[in-house]
Every structure is written in structure tokens, then in C-alpha cells.
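K.L.:
Okay, so here is upload_38.tsv, and as you'll see once you scroll down, it has TSV, C-alpha atoms.
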```tsv
chain	number	residue	atom	x	y	z
A	1	MET	CA	0.00	0.00	0.00
A	2	PRO	CA	1.61	3.30	-1.04
A	3	SER	CA	2.12	5.94	1.59
A	4	THR	CA	0.14	9.19	1.62
A	5	ALA	CA	3.36	11.06	0.89
A	6	GLY	CA	3.92	13.01	-2.32
A	7	PRO	CA	5.47	11.54	-5.46
A	8	ARG	CA	9.04	12.57	-4.55
A	9	ILE	CA	8.88	10.77	-1.22
A	10	ARG	CA	7.27	7.72	-2.83
A	11	LEU	CA	10.08	7.58	-5.37
A	12	ARG	CA	12.60	7.59	-2.53
A	13	GLU	CA	10.62	4.89	-0.71
A	14	LEU	CA	10.86	2.80	-3.90
A	15	GLY	CA	14.62	3.40	-4.03
A	16	LEU	CA	14.31	5.47	-7.21
A	17	GLU	CA	15.43	8.92	-8.22
A	18	LEU	CA	14.62	11.01	-11.24
A	19	PRO	CA	17.25	10.86	-13.97
A	20	ASP	CA	18.51	13.90	-15.80
A	21	VAL	CA	16.19	14.88	-18.63
A	22	SER	CA	17.58	13.55	-21.90
A	23	PRO	CA	18.28	16.28	-24.42
A	24	PRO	CA	15.95	16.11	-27.42
A	25	LYS	CA	17.22	14.19	-30.44
A	26	GLY	CA	15.22	16.40	-32.81
A	27	ALA	CA	13.22	19.61	-33.16
A	28	TYR	CA	11.02	19.26	-30.07
A	29	ILE	CA	11.08	19.75	-26.30
A	30	PRO	CA	10.84	16.96	-23.70
A	31	ALA	CA	7.71	18.35	-22.00
A	32	LEU	CA	5.23	21.16	-22.47
A	33	ARG	CA	2.65	22.52	-20.05
A	34	SER	CA	-0.61	23.70	-21.58
A	35	GLY	CA	-3.17	24.82	-19.03
A	36	SER	CA	-3.58	22.13	-16.39
A	37	HIS	CA	-1.83	19.41	-18.39
A	38	VAL	CA	1.77	18.49	-19.12
A	39	PHE	CA	2.40	16.63	-22.37
A	40	VAL	CA	5.59	14.59	-22.40
A	41	ALA	CA	7.37	13.65	-25.61
A	42	GLY	CA	8.14	9.97	-26.10
A	43	GLN	CA	10.89	8.77	-23.78
A	44	VAL	CA	13.22	5.90	-24.63
A	45	PRO	CA	15.29	3.98	-22.05
A	46	MET	CA	18.39	6.10	-21.51
A	47	GLU	CA	21.12	6.02	-18.87
A	48	SER	CA	23.84	8.67	-18.76
A	49	GLY	CA	22.61	10.03	-22.09
A	50	GLU	CA	22.93	6.70	-23.89
A	51	LEU	CA	20.28	4.25	-25.05
A	52	VAL	CA	20.36	1.21	-22.74
A	53	THR	CA	19.81	-1.35	-25.50
A	54	THR	CA	18.43	-1.76	-29.00
A	55	GLY	CA	16.31	-4.33	-30.75
A	56	ARG	CA	12.82	-5.70	-31.17
A	57	VAL	CA	10.86	-7.33	-28.39
A	58	GLY	CA	10.26	-11.03	-29.00
A	59	VAL	CA	13.48	-11.57	-30.94
A	60	ASP	CA	16.34	-9.38	-29.59
A	61	VAL	CA	14.84	-8.35	-26.24
A	62	THR	CA	12.77	-10.48	-23.89
A	63	PRO	CA	9.33	-9.24	-22.87
A	64	GLU	CA	10.45	-9.26	-19.23
A	65	TYR	CA	13.45	-7.04	-19.94
A	66	ALA	CA	11.30	-4.80	-22.15
A	67	LYS	CA	8.91	-4.36	-19.19
A	68	GLU	CA	11.88	-3.13	-17.11
A	69	LEU	CA	12.84	-0.77	-19.95
A	70	SER	CA	9.26	0.53	-20.01
A	71	ARG	CA	9.60	1.37	-16.31
A	72	LEU	CA	12.85	3.22	-17.06
A	73	CYS	CA	11.04	5.21	-19.78
A	74	ALA	CA	8.28	6.08	-17.30
A	75	LEU	CA	10.85	7.37	-14.81
A	76	ALA	CA	12.34	9.53	-17.60
A	77	ALA	CA	8.85	10.81	-18.38
A	78	LEU	CA	8.42	11.88	-14.75
A	79	ALA	CA	11.77	13.69	-14.94
A	80	ALA	CA	10.49	15.53	-18.03
A	81	VAL	CA	7.32	16.52	-16.14
A	82	ASP	CA	9.46	17.74	-13.24
A	83	SER	CA	11.45	19.92	-15.64
A	84	VAL	CA	8.37	22.09	-16.30
A	85	VAL	CA	6.36	21.77	-13.06
A	86	ASP	CA	7.25	20.36	-9.66
A	87	LEU	CA	6.44	16.64	-9.61
A	88	ASP	CA	4.45	17.11	-6.41
A	89	CYS	CA	1.98	19.26	-8.43
A	90	VAL	CA	0.84	16.23	-10.44
A	91	VAL	CA	-2.72	15.36	-9.46
A	92	ARG	CA	-3.34	12.59	-11.98
A	93	VAL	CA	-1.72	10.55	-14.72
A	94	VAL	CA	-4.24	10.97	-17.53
A	95	LYS	CA	-2.90	9.00	-20.50
A	96	VAL	CA	0.00	6.67	-21.24
A	97	THR	CA	0.97	5.61	-24.74
A	98	GLY	CA	3.51	2.85	-25.09
A	99	TYR	CA	5.21	1.90	-28.33
A	100	VAL	CA	6.93	-1.47	-28.50
A	101	ALA	CA	9.29	-2.38	-31.35
A	102	SER	CA	7.92	-5.86	-31.96
A	103	ALA	CA	9.06	-8.98	-33.73
A	104	ALA	CA	6.63	-10.45	-36.24
A	105	GLY	CA	3.90	-12.25	-34.34
A	106	PHE	CA	4.69	-10.65	-30.95
A	107	THR	CA	1.42	-9.60	-29.30
A	108	GLY	CA	2.53	-8.98	-25.71
A	109	GLN	CA	2.70	-5.18	-25.96
A	110	PRO	CA	0.28	-4.63	-23.02
A	111	GLY	CA	2.53	-6.66	-20.70
A	112	VAL	CA	5.56	-4.63	-21.74
A	113	VAL	CA	3.81	-1.30	-21.15
A	114	ASP	CA	2.67	-2.57	-17.73
A	115	GLY	CA	6.18	-1.67	-16.55
A	116	ALA	CA	5.31	2.01	-16.98
A	117	SER	CA	1.76	1.65	-15.69
A	118	ASP	CA	2.93	-0.19	-12.57
A	119	LEU	CA	5.44	2.58	-11.81
A	120	PHE	CA	2.77	5.28	-12.06
A	121	LEU	CA	0.50	3.31	-9.71
A	122	SER	CA	3.35	2.86	-7.22
A	123	VAL	CA	4.23	6.56	-7.29
A	124	PHE	CA	0.76	8.14	-7.45
A	125	GLY	CA	-1.57	5.48	-6.01
A	126	ASP	CA	-5.09	5.76	-7.42
A	127	ALA	CA	-4.13	9.03	-9.15
A	128	GLY	CA	-1.74	6.92	-11.23
A	129	ARG	CA	-4.61	4.99	-12.88
A	130	HIS	CA	-4.80	6.13	-16.48
A	131	ALA	CA	-6.15	5.55	-19.94
A	132	ARG	CA	-3.62	3.74	-22.09
A	133	SER	CA	-2.62	2.52	-25.52
A	134	ALA	CA	0.01	-0.17	-26.14
A	135	VAL	CA	1.08	-0.23	-29.77
A	136	GLY	CA	3.36	-2.62	-31.62
A	137	VAL	CA	5.60	-1.01	-34.24
A	138	ALA	CA	8.31	-2.20	-36.61
A	139	GLU	CA	11.00	0.24	-35.44
A	140	LEU	CA	11.48	3.05	-32.93
A	141	PRO	CA	13.90	6.00	-32.83
A	142	LEU	CA	17.54	5.05	-32.24
A	143	GLY	CA	16.55	1.36	-32.43
A	144	SER	CA	14.92	1.50	-28.99
A	145	PRO	CA	12.76	-1.48	-28.00
A	146	VAL	CA	10.26	0.72	-26.09
A	147	GLU	CA	9.04	4.32	-26.04
A	148	ILE	CA	6.62	5.82	-23.51
A	149	GLU	CA	4.76	9.14	-23.69
A	150	ILE	CA	2.41	10.51	-21.05
A	151	ILE	CA	-0.07	13.27	-20.27
A	152	VAL	CA	-0.50	14.35	-16.65
A	153	GLU	CA	-2.86	16.78	-14.98
A	154	VAL	CA	-1.25	19.31	-12.65
A	155	THR	CA	-2.26	21.98	-10.19
A	156	ASP	CA	-0.49	25.24	-9.33
```
With the file now loaded, output its structure as C-alpha cells.

P.N.:
Amino acid sequence: MPSTAGPRIRLRELGLELPDVSPPKGAYIPALRSGSHVFVAGQVPMESGELVTTGRVGVDVTPEYAKELSRLCALAALAAVDSVVDLDCVVRVVKVTGYVASAAGFTGQPGVVDGASDLFLSVFGDAGRHARSAVGVAELPLGSPVEIEIIVEVTD
């Protein structure tokens, strides 16, 4: 059962910390606030500015490892949110879209994206419940196996 503490404290309780926001690899910004929502650009699994691994799930990357990568993407998405509004101002995770670079015949995209969804539930409790899409694709930027984008609602 998550504590009643804010997201930052919950992250610490989970033994996690926000990574540095990855610099954009194109003509966009990592996150943008519009009204009471923050829209986060797709995040791939990066550590120290480098992609953790490449490949397609179901042939090069196991679904279990891809689920861990999805969680890493979700943590990066929270860092992007925090770059435009304090993370403790998030009142709800509204929408999660997960893209999974999939081998032919791989249909386990929802299980992979559960890595991100589970993190949001752990950090935000019921406010982490969200609408979601899990989409299989042939390729993702930089050869990433997973990409996660989110929309959160925030308060001032």
C-alpha cells in the first residue's frame, strides 16, 4: 500500500530517483505545459545520455526485460514533467501511450507497457490509474525497443 506522501517521497521509498532529462534528439522539447496538463514527448530507455539497448521485443529483447525498460522510460517521463512543473503538483496521470518495437507475431505489448503503468500506480496510487494505448511497431527512434509518452494533470 503506497504511503500518503507526495510523489518525490514515494520515489525515494521505492529506491528510485529522477534521472537527468535527456536532451531532445530532434526539433522538439521533452515536455510542455498547456493549461492544467503536461504533455511529455516519447521517452526511450536512456542512462547517462545513452540508449540502454536496441532491438525488437520477442526476438532481440525479452518481454520481461522490455517491461523493465518501459519502467525506465516512465521514470524519464516523470523527470520531463518535473522539468516544467514540480512533480508534487501532479494530481493525476491521464494517458500513457507505449510503443513497442515488436518482432513479427509478438502480441505482448500490453505486458511490456505494464512496466510504466505499474510505476505510475506505485508513485501516485489511485491518481496513477490512467487511460492507455500499447502499440506494436516495426522500429522506434535510435533502435529503442520501447518508447513511452504521457499526459498528466497538474495543479499550481

K.L.:
Restricting the calculation to all atoms listed in the file, which member of A:Ser22, A:Ala76, A:His37, A:Tyr65 is positioned closest to Gly49 of chain A?

P.N.:
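Ranked by minimum distance to Gly49 of chain A, first place goes to A:Ser22.
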
K.L.:
For Val90 of chain A, which residue out of A:Val52, A:Val38, A:Leu11, A:Val21 is the nearest one, using all atoms listed in the file?

P.N.:
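Ranked by minimum distance to Val90 of chain A, first place goes to A:Val38.
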
K.L.:
Looking at only C-alpha atoms, which of A:Gln43, A:Thr155, A:Ser122, A:Ser133 is the one that sits closest to Ala31 of chain A?

P.N.:
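Closest candidate: A:Gln43.
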
K.L.:
As a short mmCIF file (atom, residue, chain, number, x, y, z; two decimals) with C-alpha atoms, in the frame of the given file, please: the residues near Asp156 of chain A (cut-off 9 Å, all atoms listed in the file, same-chain neighbours under 3 positions excluded).

P.N.:
```
data_model
loop_
_atom_site.label_atom_id
_atom_site.label_comp_id
_atom_site.auth_asym_id
_atom_site.auth_seq_id
_atom_site.Cartn_x
_atom_site.Cartn_y
_atom_site.Cartn_z
CA SER A 36 -3.58 22.13 -16.39
CA VAL A 85 6.36 21.77 -13.06
CA CYS A 89 1.98 19.26 -8.43
#
```

K.L.:
Do you know which residues lie at most 9 Å from (12.1, 5.3, -29.4), with coordinates as in the file and only C-alpha atoms counted, and could you write them as a PyMOL selection string?

P.N.:
chain A and resi 42-45+99-101+139-148

K.L.:
Expressed in Å to a single decimal, how great is the separation between atom CA of Cys73 of chain A and atom CA of Ala127 of chain A?

P.N.:
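One can read the atom CA of Cys73 of chain A to atom CA of Ala127 of chain A distance as 18.9 Å.
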